[in-house]
>>> print(open('coords-v3.txt').read())   # compact mmCIF, C-alpha atoms and all ligand atoms
# COMPACT_ATOMS: atom_id res chain seq x y z
CA MET A 1 -97.76 13.78 -3.43
CA LEU A 2 -94.30 12.76 -4.62
CA ARG A 3 -93.19 16.34 -4.13
CA ALA A 4 -94.85 16.42 -0.69
CA LEU A 5 -92.90 13.27 0.25
CA GLU A 6 -89.67 14.91 -0.89
CA LEU A 7 -90.44 17.95 1.25
CA ALA A 8 -91.25 15.78 4.27
CA ARG A 9 -87.87 14.05 3.98
CA ARG A 10 -86.08 17.38 4.31
CA ALA A 11 -86.65 17.02 8.04
CA TRP A 12 -85.16 13.48 8.13
CA GLY A 13 -84.47 12.69 11.78
CA ALA A 14 -85.36 16.20 12.97
CA THR A 15 -89.04 15.89 13.95
CA HIS A 16 -89.08 13.31 16.78
CA PRO A 17 -91.37 12.55 18.50
CA ASN A 18 -93.47 13.96 15.66
CA PRO A 19 -93.78 12.49 12.17
CA MET A 20 -92.23 13.93 9.01
CA VAL A 21 -94.94 15.57 6.90
CA GLY A 22 -94.90 17.45 3.61
CA ALA A 23 -97.62 19.49 1.88
CA VAL A 24 -98.15 21.08 -1.52
CA ILE A 25 -100.97 23.45 -2.55
CA THR A 26 -101.93 23.36 -6.22
CA GLU A 27 -104.19 25.65 -8.22
CA GLU A 28 -105.39 24.52 -11.64
CA GLY A 29 -102.91 21.65 -11.37
CA ARG A 30 -99.91 23.92 -10.73
CA ALA A 31 -98.00 23.91 -7.45
CA VAL A 32 -98.30 27.36 -5.89
CA ALA A 33 -97.00 26.75 -2.36
CA GLU A 34 -95.30 24.07 -0.32
CA GLY A 35 -94.30 23.40 3.24
CA TRP A 36 -93.06 20.73 5.60
CA HIS A 37 -92.87 20.07 9.32
CA GLU A 38 -89.34 21.04 10.30
CA ALA A 39 -89.27 20.16 14.01
CA ALA A 40 -91.54 19.28 16.93
CA GLY A 41 -93.17 22.46 18.24
CA GLY A 42 -92.89 24.19 14.86
CA PRO A 43 -95.70 24.72 12.33
CA HIS A 44 -97.19 21.61 10.75
CA ALA A 45 -96.71 21.11 7.01
CA GLU A 46 -100.21 22.25 6.05
CA VAL A 47 -99.84 25.51 8.00
CA ALA A 48 -96.34 26.05 6.58
CA ALA A 49 -97.73 25.65 3.04
CA LEU A 50 -100.65 28.02 3.74
CA ARG A 51 -98.23 30.57 5.18
CA ALA A 52 -95.94 30.17 2.15
CA LEU A 53 -98.93 30.90 -0.10
CA GLY A 54 -99.43 34.16 1.80
CA ARG A 55 -102.92 34.85 0.39
CA ARG A 56 -106.34 33.23 0.24
CA PRO A 57 -106.18 30.07 -1.91
CA ALA A 58 -108.06 30.18 -5.23
CA PRO A 59 -111.44 28.36 -5.24
CA SER A 60 -109.81 25.53 -7.25
CA ALA A 61 -106.96 25.06 -4.73
CA VAL A 62 -106.10 21.52 -3.64
CA LEU A 63 -104.01 20.69 -0.59
CA HIS A 64 -101.88 17.54 -0.91
CA VAL A 65 -100.48 16.30 2.37
CA THR A 66 -98.57 13.10 3.19
CA LEU A 67 -100.34 12.54 6.54
CA GLU A 68 -103.91 13.09 7.72
CA PRO A 69 -104.24 16.65 9.10
CA CYS A 70 -104.38 16.75 12.90
CA CYS A 71 -107.60 17.69 14.66
CA THR A 72 -106.43 18.17 18.25
CA HIS A 73 -104.60 20.95 20.06
CA GLY A 74 -100.99 19.95 20.66
CA ARG A 75 -98.13 22.41 20.76
CA THR A 76 -99.85 24.03 17.76
CA PRO A 77 -103.58 24.48 16.93
CA PRO A 78 -105.32 21.78 14.84
CA CYS A 79 -104.52 21.82 11.11
CA VAL A 80 -108.12 20.91 10.29
CA GLU A 81 -109.16 24.34 11.62
CA ALA A 82 -106.47 26.10 9.58
CA ILE A 83 -107.58 24.27 6.42
CA LEU A 84 -111.25 25.13 6.98
CA ALA A 85 -110.37 28.76 7.74
CA SER A 86 -108.34 28.97 4.52
CA GLY A 87 -111.33 28.04 2.38
CA ILE A 88 -109.58 25.09 0.67
CA ARG A 89 -112.28 22.70 -0.56
CA THR A 90 -110.24 19.67 -1.66
CA VAL A 91 -107.65 17.78 0.40
CA VAL A 92 -105.62 14.83 -0.90
CA VAL A 93 -104.07 12.69 1.85
CA GLY A 94 -101.32 10.05 1.72
CA ALA A 95 -101.72 8.04 4.93
CA ARG A 96 -104.08 8.15 7.89
CA ASP A 97 -102.52 9.21 11.18
CA PRO A 98 -102.39 6.11 13.45
CA ASN A 99 -102.45 8.36 16.53
CA PRO A 100 -105.62 7.11 18.30
CA ALA A 101 -106.56 10.76 18.92
CA HIS A 102 -106.68 11.31 15.14
CA ALA A 103 -107.03 8.02 13.17
CA GLY A 104 -109.49 9.29 10.58
CA LYS A 105 -111.19 11.86 12.83
CA GLY A 106 -109.49 14.75 11.03
CA LEU A 107 -110.74 13.44 7.69
CA ASP A 108 -114.29 13.04 9.09
CA LEU A 109 -114.28 16.65 10.33
CA LEU A 110 -113.14 17.90 6.92
CA ARG A 111 -115.81 15.85 5.12
CA LYS A 112 -118.52 17.01 7.55
CA ALA A 113 -117.55 20.59 6.73
CA GLY A 114 -118.06 19.86 3.03
CA VAL A 115 -114.40 19.44 2.02
CA ALA A 116 -113.73 16.77 -0.62
CA VAL A 117 -111.16 14.34 0.81
CA VAL A 118 -109.21 11.88 -1.31
CA GLU A 119 -107.34 9.29 0.73
CA GLY A 120 -104.60 6.75 0.12
CA VAL A 121 -102.48 8.47 -2.53
CA LEU A 122 -98.98 6.90 -2.37
CA GLU A 123 -100.24 5.54 0.92
CA GLU A 124 -97.56 2.92 1.49
CA ALA A 125 -94.68 5.33 0.90
CA CYS A 126 -96.37 7.94 3.12
CA ARG A 127 -96.91 5.38 5.89
CA ASP A 128 -93.42 3.90 5.63
CA LEU A 129 -91.83 7.34 5.93
CA ASN A 130 -92.97 7.47 9.56
CA PHE A 131 -92.48 3.89 10.72
CA ILE A 132 -90.86 5.06 13.96
CA PHE A 133 -93.67 7.52 14.78
CA ASN A 134 -96.37 5.02 13.74
CA HIS A 135 -95.03 2.47 16.22
CA TRP A 136 -94.45 4.92 19.05
CA ILE A 137 -97.78 6.71 18.87
CA VAL A 138 -99.74 3.46 19.11
CA ARG A 139 -97.58 1.42 21.50
CA ARG A 140 -95.96 4.20 23.53
CA ARG A 141 -92.66 2.33 23.58
CA PRO A 142 -89.68 2.74 21.26
CA LEU A 143 -89.42 0.94 17.94
CA LEU A 144 -86.41 -1.37 18.36
CA ALA A 145 -84.76 -2.19 15.03
CA LEU A 146 -81.95 -4.73 14.76
CA LYS A 147 -79.36 -3.95 12.08
CA VAL A 148 -76.83 -6.53 10.89
CA ALA A 149 -74.40 -6.80 7.99
CA ALA A 150 -74.02 -10.46 6.98
CA THR A 151 -72.29 -12.65 4.43
CA LEU A 152 -74.35 -14.86 2.11
CA ASP A 153 -73.78 -17.75 4.51
CA GLY A 154 -75.03 -15.72 7.45
CA LEU A 155 -71.87 -14.68 9.25
CA LEU A 156 -71.45 -11.26 10.85
CA VAL A 157 -67.77 -11.36 11.79
CA PRO A 158 -65.04 -11.43 9.10
CA SER A 159 -62.29 -14.06 9.42
CA ALA A 160 -59.02 -12.97 10.98
CA GLY A 161 -56.99 -11.03 8.42
CA ALA A 162 -59.98 -10.30 6.13
CA PRO A 163 -61.11 -6.67 5.61
CA ARG A 164 -63.11 -5.45 8.63
CA GLU A 165 -66.05 -4.22 6.58
CA LEU A 166 -68.35 -6.88 5.12
CA THR A 167 -70.39 -4.49 2.97
CA GLY A 168 -69.40 -1.89 0.38
CA PRO A 169 -69.50 1.90 0.51
CA GLN A 170 -73.12 2.31 -0.60
CA ALA A 171 -74.45 -0.01 2.09
CA ARG A 172 -72.29 1.70 4.70
CA ALA A 173 -73.55 5.12 3.59
CA ASP A 174 -77.08 3.77 3.91
CA VAL A 175 -76.41 2.81 7.55
CA HIS A 176 -75.36 6.39 8.19
CA ARG A 177 -78.59 7.60 6.61
CA TRP A 178 -80.58 5.49 9.11
CA ARG A 179 -78.39 6.71 11.97
CA ARG A 180 -79.43 10.18 10.90
CA LEU A 181 -83.09 9.15 11.18
CA PHE A 182 -83.16 7.13 14.39
CA PRO A 183 -83.20 9.11 17.66
CA ALA A 184 -80.81 6.53 19.14
CA VAL A 185 -78.46 3.67 18.26
CA ALA A 186 -77.15 0.86 20.47
CA VAL A 187 -74.27 -1.64 20.59
CA SER A 188 -73.16 -4.25 23.09
CA ALA A 189 -70.06 -3.83 25.23
CA ASP A 190 -68.39 -6.59 23.18
CA THR A 191 -68.89 -4.75 19.90
CA LEU A 192 -67.84 -1.48 21.51
CA LEU A 193 -64.60 -3.06 22.74
CA ALA A 194 -63.94 -4.97 19.48
CA ASP A 195 -64.72 -2.19 16.98
CA ASN A 196 -64.47 1.14 18.82
CA PRO A 197 -67.29 2.59 16.65
CA ARG A 198 -68.27 6.25 16.59
CA LEU A 199 -71.95 5.56 15.82
CA THR A 200 -72.51 9.02 14.36
CA ALA A 201 -74.11 9.79 11.00
CA ARG A 202 -71.36 10.97 8.70
CA ASP A 203 -73.05 10.77 5.30
CA ASP A 204 -74.21 13.98 3.62
CA GLY A 205 -74.49 17.06 5.76
CA PRO A 206 -73.09 17.86 9.18
CA GLU A 207 -72.18 14.99 11.50
CA ARG A 208 -75.21 14.01 13.58
CA CYS A 209 -74.90 12.14 16.82
CA PRO A 210 -77.91 10.12 17.91
CA ILE A 211 -78.11 9.02 21.54
CA ARG A 212 -75.54 6.19 21.69
CA PHE A 213 -76.51 3.37 24.03
CA VAL A 214 -73.97 0.80 25.20
CA LEU A 215 -75.84 -2.27 26.40
CA ASP A 216 -73.45 -3.37 29.10
CA ARG A 217 -75.24 -5.14 31.91
CA ARG A 218 -72.15 -5.27 34.14
CA PHE A 219 -70.40 -2.03 33.07
CA ARG A 220 -67.55 -4.06 31.58
CA SER A 221 -66.54 -1.10 29.42
CA ALA A 222 -65.68 1.09 32.45
CA GLY A 223 -62.10 2.38 32.43
CA ARG A 224 -61.70 2.24 28.62
CA SER A 225 -60.97 5.91 28.15
CA GLY A 226 -59.56 5.58 24.61
CA LEU A 227 -62.90 4.71 23.03
CA TYR A 228 -64.66 7.30 20.84
CA LEU A 229 -67.93 6.88 22.70
CA PHE A 230 -66.24 7.88 25.96
CA SER A 231 -63.93 10.58 24.66
CA ASP A 232 -65.24 12.38 21.56
CA HIS A 233 -67.08 15.70 21.73
CA HIS A 234 -70.43 13.87 21.62
CA ARG A 235 -69.68 11.82 24.74
CA ASP A 236 -72.57 13.39 26.64
CA ARG A 237 -74.76 11.60 24.02
CA THR A 238 -73.40 8.22 25.20
CA VAL A 239 -75.48 6.32 27.76
CA VAL A 240 -74.07 3.11 29.24
CA VAL A 241 -76.94 0.88 30.30
CA GLY A 242 -76.38 -1.69 33.05
CA LEU A 243 -78.24 -3.61 35.69
CA ALA A 244 -78.36 -1.97 39.11
CA SER A 245 -77.88 -5.37 40.74
CA GLU A 246 -74.74 -6.13 38.67
CA VAL A 247 -72.80 -2.88 38.43
CA ARG A 248 -70.24 -1.36 40.81
CA PRO A 249 -70.67 2.25 42.01
CA ALA A 250 -66.97 2.86 41.24
CA ASP A 251 -67.62 2.04 37.56
CA ALA A 252 -70.62 4.34 37.44
CA ALA A 253 -68.44 7.08 38.93
CA TRP A 254 -65.80 6.48 36.26
CA TYR A 255 -68.29 7.05 33.41
CA GLU A 256 -69.64 10.13 35.13
CA ALA A 257 -66.15 11.58 35.48
CA GLU A 258 -65.65 11.05 31.74
CA GLY A 259 -68.88 12.98 31.01
CA VAL A 260 -70.76 9.84 29.98
CA ARG A 261 -74.25 9.10 31.31
CA THR A 262 -75.31 5.79 32.86
CA TRP A 263 -78.62 4.08 33.46
CA ALA A 264 -78.60 1.38 36.13
CA LEU A 265 -81.85 -0.47 35.52
CA PRO A 266 -83.93 -2.43 38.00
CA GLY A 267 -84.62 -6.14 37.57
CA ASP A 268 -82.58 -9.08 36.35
CA SER A 269 -80.77 -10.11 33.15
CA ASP A 270 -83.87 -11.61 31.58
CA GLY A 271 -85.84 -8.39 31.90
CA PHE A 272 -82.97 -6.13 30.84
CA ILE A 273 -84.17 -5.18 27.35
CA ALA A 274 -87.75 -4.66 28.57
CA ALA A 275 -86.49 -2.42 31.41
CA TRP A 276 -84.31 -0.49 28.95
CA SER A 277 -87.22 -0.05 26.54
CA GLU A 278 -89.40 1.20 29.39
CA ARG A 279 -86.75 3.72 30.44
CA CYS A 280 -86.39 4.86 26.80
CA ALA A 281 -90.16 5.38 26.68
CA SER A 282 -90.12 7.44 29.87
CA GLU A 283 -87.31 9.61 28.44
CA GLY A 284 -89.17 10.08 25.13
CA VAL A 285 -86.78 8.01 22.99
CA THR A 286 -89.07 6.82 20.21
CA GLY A 287 -86.79 4.48 18.25
CA VAL A 288 -83.42 2.73 18.54
CA MET A 289 -81.34 1.03 15.86
CA ILE A 290 -79.38 -1.75 17.53
CA GLU A 291 -76.18 -2.59 15.66
CA GLY A 292 -75.94 -6.15 16.93
CA GLY A 293 -73.14 -8.67 16.79
CA PRO A 294 -74.09 -12.36 16.65
CA GLY A 295 -74.52 -12.81 20.42
CA LEU A 296 -76.74 -9.80 21.03
CA SER A 297 -78.73 -10.30 17.80
CA SER A 298 -79.51 -13.93 18.66
CA ALA A 299 -80.55 -13.04 22.18
CA LEU A 300 -82.82 -10.21 21.01
CA LEU A 301 -84.50 -12.36 18.37
CA ASP A 302 -84.97 -15.29 20.73
CA ASP A 303 -86.51 -12.90 23.28
CA HIS A 304 -88.85 -11.41 20.61
CA ALA A 305 -87.43 -8.10 21.77
CA VAL A 306 -87.05 -6.34 18.41
CA ASP A 307 -89.70 -4.97 16.06
CA MET A 308 -87.80 -4.56 12.80
CA LEU A 309 -84.81 -6.03 11.03
CA PHE A 310 -82.39 -4.27 8.71
CA ALA A 311 -80.20 -7.01 7.18
CA TYR A 312 -77.50 -5.93 4.75
CA VAL A 313 -76.31 -8.99 2.86
CA ALA A 314 -72.93 -8.91 1.10
CA PRO A 315 -72.14 -11.26 -1.83
CA LYS A 316 -69.37 -12.95 0.14
CA LEU A 317 -68.95 -16.38 1.63
CA GLY A 318 -67.11 -17.25 4.78
CA GLY A 319 -66.21 -15.42 7.93
CA ASP A 320 -65.54 -16.30 11.53
CA PRO A 321 -68.07 -19.02 12.48
CA SER A 322 -66.92 -19.17 16.10
CA HIS A 323 -69.54 -16.58 17.16
CA GLY A 324 -72.45 -18.80 16.11
CA PRO A 325 -75.54 -17.78 14.13
CA TRP A 326 -76.97 -14.30 14.58
CA PHE A 327 -80.63 -15.26 14.17
CA GLY A 328 -81.11 -17.28 17.34
CA SER A 329 -82.79 -20.62 17.72
CA GLN A 330 -86.13 -19.55 16.25
CA PRO A 331 -85.34 -17.52 13.11
CA PRO A 332 -87.91 -14.75 12.73
CA ILE A 333 -90.46 -14.26 9.98
CA LEU A 334 -90.23 -10.93 8.16
CA ASN A 335 -93.33 -9.09 6.99
CA ALA A 336 -93.74 -5.98 4.84
CA VAL A 337 -90.29 -6.60 3.42
CA ARG A 338 -88.55 -3.92 1.39
CA VAL A 339 -85.57 -4.91 -0.71
CA GLU A 340 -82.99 -2.44 -1.93
CA GLN A 341 -79.81 -3.01 -3.90
CA LEU A 342 -76.93 -0.90 -2.64
CA GLY A 343 -73.92 -1.46 -4.92
CA ASP A 344 -73.19 -5.18 -4.68
CA ASP A 345 -75.05 -5.53 -1.36
CA VAL A 346 -78.74 -5.96 -0.69
CA LEU A 347 -80.75 -4.51 2.19
CA PHE A 348 -83.72 -6.54 3.42
CA ARG A 349 -85.80 -4.33 5.70
CA GLY A 350 -88.86 -5.82 7.32
CA VAL A 351 -91.15 -5.99 10.30
CA ILE A 352 -90.52 -8.98 12.54
CA GLY A 353 -93.55 -11.25 12.73
CA ARG A 354 -94.76 -12.46 16.08
N1 LIG B 1 -71.70 -7.60 10.96
C1 LIG B 1 -72.39 -6.92 11.84
O1 LIG B 1 -73.50 -6.45 11.58
C2 LIG B 1 -71.82 -6.69 13.21
C3 LIG B 1 -72.44 -5.78 14.08
C4 LIG B 1 -71.94 -5.60 15.35
C5 LIG B 1 -70.82 -6.33 15.73
N2 LIG B 1 -70.24 -7.17 14.87
C6 LIG B 1 -69.07 -7.97 15.28
O2 LIG B 1 -69.52 -8.88 16.25
C7 LIG B 1 -68.44 -9.20 17.11
C8 LIG B 1 -68.96 -9.20 18.51
O3 LIG B 1 -69.96 -10.17 18.53
P1 LIG B 1 -70.35 -10.88 19.88
O4 LIG B 1 -71.32 -11.95 19.54
O5 LIG B 1 -69.07 -11.24 20.59
O6 LIG B 1 -70.97 -9.69 20.65
P2 LIG B 1 -72.34 -8.94 20.49
O7 LIG B 1 -73.32 -9.73 19.80
O8 LIG B 1 -72.10 -7.55 20.03
O9 LIG B 1 -72.72 -8.80 22.03
C9 LIG B 1 -72.75 -9.91 22.91
C10 LIG B 1 -73.03 -9.36 24.26
O10 LIG B 1 -74.32 -8.83 24.28
C11 LIG B 1 -74.81 -8.90 25.58
N3 LIG B 1 -76.10 -9.58 25.57
C12 LIG B 1 -76.40 -10.81 25.18
N4 LIG B 1 -77.69 -11.07 25.36
C13 LIG B 1 -78.23 -9.97 25.86
C14 LIG B 1 -79.54 -9.61 26.23
N5 LIG B 1 -80.58 -10.43 26.14
N6 LIG B 1 -79.72 -8.39 26.71
C15 LIG B 1 -78.71 -7.54 26.78
N7 LIG B 1 -77.44 -7.81 26.46
C16 LIG B 1 -77.23 -9.02 25.99
C17 LIG B 1 -73.86 -9.75 26.42
O11 LIG B 1 -73.07 -8.88 27.19
P3 LIG B 1 -73.30 -8.72 28.80
O12 LIG B 1 -73.64 -10.06 29.31
O13 LIG B 1 -72.04 -8.17 29.28
O14 LIG B 1 -74.39 -7.76 28.99
C18 LIG B 1 -73.01 -10.41 25.35
O15 LIG B 1 -71.73 -10.67 25.79
C19 LIG B 1 -67.37 -8.16 16.86
O16 LIG B 1 -66.32 -8.78 16.16
C20 LIG B 1 -68.04 -7.15 15.97
O17 LIG B 1 -67.12 -6.62 15.02
C21 LIG B 1 -70.72 -7.39 13.63
>>> encode(input="coords-v3.txt", output="structure tokens")
Amino acid sequence: MLRALELARRAWGATHPNPMVGAVITEEGRAVAEGWHEAAGGPHAEVAALRALGRRPAPSAVLHVTLEPCCTHGRTPPCVEAILASGIRTVVVGARDPNPAHAGKGLDLLRKAGVAVVEGVLEEACRDLNFIFNHWIVRRRPLLALKVAATLDGLLVPSAGAPRELTGPQARADVHRWRRLFPAVAVSADTLLADNPRLTARDDGPERCPIRFVLDRRFRSAGRSGLYLFSDHHRDRTVVVGLASEVRPADAAWYEAEGVRTWALPGDSDGFIAAWSERCASEGVTGVMIEGGPGLSSALLDDHAVDMLFAYVAPKLGGDPSHGPWFGSQPPILNAVRVEQLGDDVLFRGVIGR
């Protein structure tokens, strides 16, 4: 299963809206074939492994797969059918598929057909791998994750004259790894104007550009042609999100002329994030990492608008306190927390409790 997880991760960020899945076929305890789901529309991991085997599995063959095999016709036929047709008699599964159309039904079908099914092997790791998919497939709205980099005393903005980056190279590389996973990232207009970020993943491998949202209710960033998001060769991946009632047509026309997309959302300021999330859902955007400054982070947490928190904490004290706290007036509770040391910094990643 560890190997199957490794295989699944080869498609990091490439399978949306589908999950990442890996599979290994063993015979007499030896791996004889492996496969993974490379992209939506392509073969599922189980089928890829069976194809890689290229022959009928031995009677002792065991299929290990990180996610419950599907049992419905999507863009590809159900994996349960492929497994039964192959003659494999033992299937070891990491996590159940939370998709209400599956959710244990695939395992029931296998068992009813006489296949031995072992569940829950490395279950937590298998489930965590697909936290974006797991959220999307049940709620049908994007997983919104807030990411901050903070000092020990909870400040997000360095003091004037201090180095711009709060965290070290390993934590920054980790952010790029998540940008490679998430279908989209977002910043406020203030952070865009202060930092001129590129918001691409530039860790290992070719540069990847997620959809880059600028949350800018009044299109205050219009006219700023020098910014990467409005001028680099990924600018058609930038979407400036405003409120229809607050933006000027001339500003919308400016973005369009630059090759940047805009969404002018219905409703008022209070409903802005909900309207944005709804539009994301209708466009099939399954998850967004919001790189929030103190103002936006506080507002999102106070509005209970985010589902997950990624907090990178640097062993530093002090910063610019003029922006106020980033965690709002009702600091959130974090559940299912994962802690990771990245050089001198620590990442706390958790689900925000309601
Ligand atoms: N350490 C970190 O992790 C980190 C991350 C990002 C930025 N930063 C730093 O933070 C500083 C900027 O911080 P900031 O507090 O001035 O700005 P910010 O938090 O990035 O954004 C504040 C803006 O967000 C918008 N906003 C507030 N509530 C909102 C809501 N409910 N829905 C949608 N939009 C909302 C408002 O703009 P509108 O009213 O115009 O819509 C507001 O002016 C920069 O120095 C930047 O370098 C640090």
>>> closest_residue(input="coords-v3.txt", among="A:Thr76, A:Thr26, A:Ser297, A:Asn99", to="ligand LIG 1 (chain B)", atoms="all atoms listed in the file")
A:Ser297
>>> residues_around(input="coords-v3.txt", residues="Ala33 (chain A)", least_positions_apart="6", cutoff="10 Å", atoms="only C-alpha atoms", output="PyMOL selection string")
chain A and resi 23-27+48-54+57+63
>>> closest_residue(input="coords-v3.txt", among="A:Phe219, A:Tyr255, A:Trp263, A:Phe310", to="Ser277 (chain A)", atoms="all atoms listed in the file")
A:Trp263
>>> atom_distance(input="coords-v3.txt", atom1="CA of Ser86 (chain A)", atom2="CA of Thr66 (chain A)")
18.7 Å
>>> closest_residue(input="coords-v3.txt", among="A:Ala244, A:Cys70, A:Leu155, A:Val47", to="ligand LIG 1 (chain B)", atoms="all atoms listed in the file")
A:Leu155
>>> build_atoms(input="coords-v3.txt", residues="region 262-282 of chain A", atoms="N, CA and C atoms", output="PDB file, in the coordinates of the input")
ATOM      1  N   THR A 262     -75.032   7.216  32.613  1.00  0.00           N
ATOM      2  CA  THR A 262     -75.310   5.790  32.860  1.00  0.00           C
ATOM      3  C   THR A 262     -76.772   5.632  33.277  1.00  0.00           C
ATOM      4  N   TRP A 263     -77.325   4.497  32.922  1.00  0.00           N
ATOM      5  CA  TRP A 263     -78.620   4.080  33.460  1.00  0.00           C
ATOM      6  C   TRP A 263     -78.387   2.735  34.144  1.00  0.00           C
ATOM      7  N   ALA A 264     -78.671   2.660  35.426  1.00  0.00           N
ATOM      8  CA  ALA A 264     -78.600   1.380  36.130  1.00  0.00           C
ATOM      9  C   ALA A 264     -80.051   0.933  36.329  1.00  0.00           C
ATOM     10  N   LEU A 265     -80.427  -0.095  35.595  1.00  0.00           N
ATOM     11  CA  LEU A 265     -81.850  -0.470  35.520  1.00  0.00           C
ATOM     12  C   LEU A 265     -82.221  -1.471  36.604  1.00  0.00           C
ATOM     13  N   PRO A 266     -83.472  -1.428  37.028  1.00  0.00           N
ATOM     14  CA  PRO A 266     -83.930  -2.430  38.000  1.00  0.00           C
ATOM     15  C   PRO A 266     -84.137  -3.778  37.316  1.00  0.00           C
ATOM     16  N   GLY A 267     -84.270  -4.818  38.118  1.00  0.00           N
ATOM     17  CA  GLY A 267     -84.620  -6.140  37.570  1.00  0.00           C
ATOM     18  C   GLY A 267     -83.407  -6.992  37.291  1.00  0.00           C
ATOM     19  N   ASP A 268     -83.653  -8.124  36.610  1.00  0.00           N
ATOM     20  CA  ASP A 268     -82.580  -9.080  36.350  1.00  0.00           C
ATOM     21  C   ASP A 268     -82.237  -9.123  34.866  1.00  0.00           C
ATOM     22  N   SER A 269     -81.267  -9.998  34.526  1.00  0.00           N
ATOM     23  CA  SER A 269     -80.770 -10.110  33.150  1.00  0.00           C
ATOM     24  C   SER A 269     -81.885 -10.359  32.151  1.00  0.00           C
ATOM     25  N   ASP A 270     -82.813 -11.230  32.528  1.00  0.00           N
ATOM     26  CA  ASP A 270     -83.870 -11.610  31.580  1.00  0.00           C
ATOM     27  C   ASP A 270     -84.756 -10.415  31.208  1.00  0.00           C
ATOM     28  N   GLY A 271     -84.946  -9.518  32.159  1.00  0.00           N
ATOM     29  CA  GLY A 271     -85.840  -8.390  31.900  1.00  0.00           C
ATOM     30  C   GLY A 271     -85.100  -7.135  31.450  1.00  0.00           C
ATOM     31  N   PHE A 272     -83.804  -7.299  31.109  1.00  0.00           N
ATOM     32  CA  PHE A 272     -82.970  -6.130  30.840  1.00  0.00           C
ATOM     33  C   PHE A 272     -83.484  -5.288  29.666  1.00  0.00           C
ATOM     34  N   ILE A 273     -83.765  -5.941  28.541  1.00  0.00           N
ATOM     35  CA  ILE A 273     -84.170  -5.180  27.350  1.00  0.00           C
ATOM     36  C   ILE A 273     -85.539  -4.523  27.596  1.00  0.00           C
ATOM     37  N   ALA A 274     -86.438  -5.250  28.278  1.00  0.00           N
ATOM     38  CA  ALA A 274     -87.750  -4.660  28.570  1.00  0.00           C
ATOM     39  C   ALA A 274     -87.595  -3.444  29.485  1.00  0.00           C
ATOM     40  N   ALA A 275     -86.701  -3.548  30.479  1.00  0.00           N
ATOM     41  CA  ALA A 275     -86.490  -2.420  31.410  1.00  0.00           C
ATOM     42  C   ALA A 275     -85.865  -1.237  30.664  1.00  0.00           C
ATOM     43  N   TRP A 276     -84.945  -1.548  29.740  1.00  0.00           N
ATOM     44  CA  TRP A 276     -84.310  -0.490  28.950  1.00  0.00           C
ATOM     45  C   TRP A 276     -85.348   0.207  28.062  1.00  0.00           C
ATOM     46  N   SER A 277     -86.191  -0.609  27.421  1.00  0.00           N
ATOM     47  CA  SER A 277     -87.220  -0.050  26.540  1.00  0.00           C
ATOM     48  C   SER A 277     -88.167   0.851  27.333  1.00  0.00           C
ATOM     49  N   GLU A 278     -88.498   0.398  28.534  1.00  0.00           N
ATOM     50  CA  GLU A 278     -89.400   1.200  29.390  1.00  0.00           C
ATOM     51  C   GLU A 278     -88.758   2.533  29.761  1.00  0.00           C
ATOM     52  N   ARG A 279     -87.466   2.469  30.086  1.00  0.00           N
ATOM     53  CA  ARG A 279     -86.750   3.720  30.440  1.00  0.00           C
ATOM     54  C   ARG A 279     -86.672   4.643  29.216  1.00  0.00           C
ATOM     55  N   CYS A 280     -86.408   4.053  28.040  1.00  0.00           N
ATOM     56  CA  CYS A 280     -86.390   4.860  26.800  1.00  0.00           C
ATOM     57  C   CYS A 280     -87.734   5.564  26.646  1.00  0.00           C
ATOM     58  N   ALA A 281     -88.822   4.804  26.856  1.00  0.00           N
ATOM     59  CA  ALA A 281     -90.160   5.380  26.680  1.00  0.00           C
ATOM     60  C   ALA A 281     -90.343   6.557  27.646  1.00  0.00           C
ATOM     61  N   SER A 282     -89.899   6.366  28.893  1.00  0.00           N
ATOM     62  CA  SER A 282     -90.120   7.440  29.870  1.00  0.00           C
ATOM     63  C   SER A 282     -89.260   8.659  29.557  1.00  0.00           C
TER      64      SER A 282
END
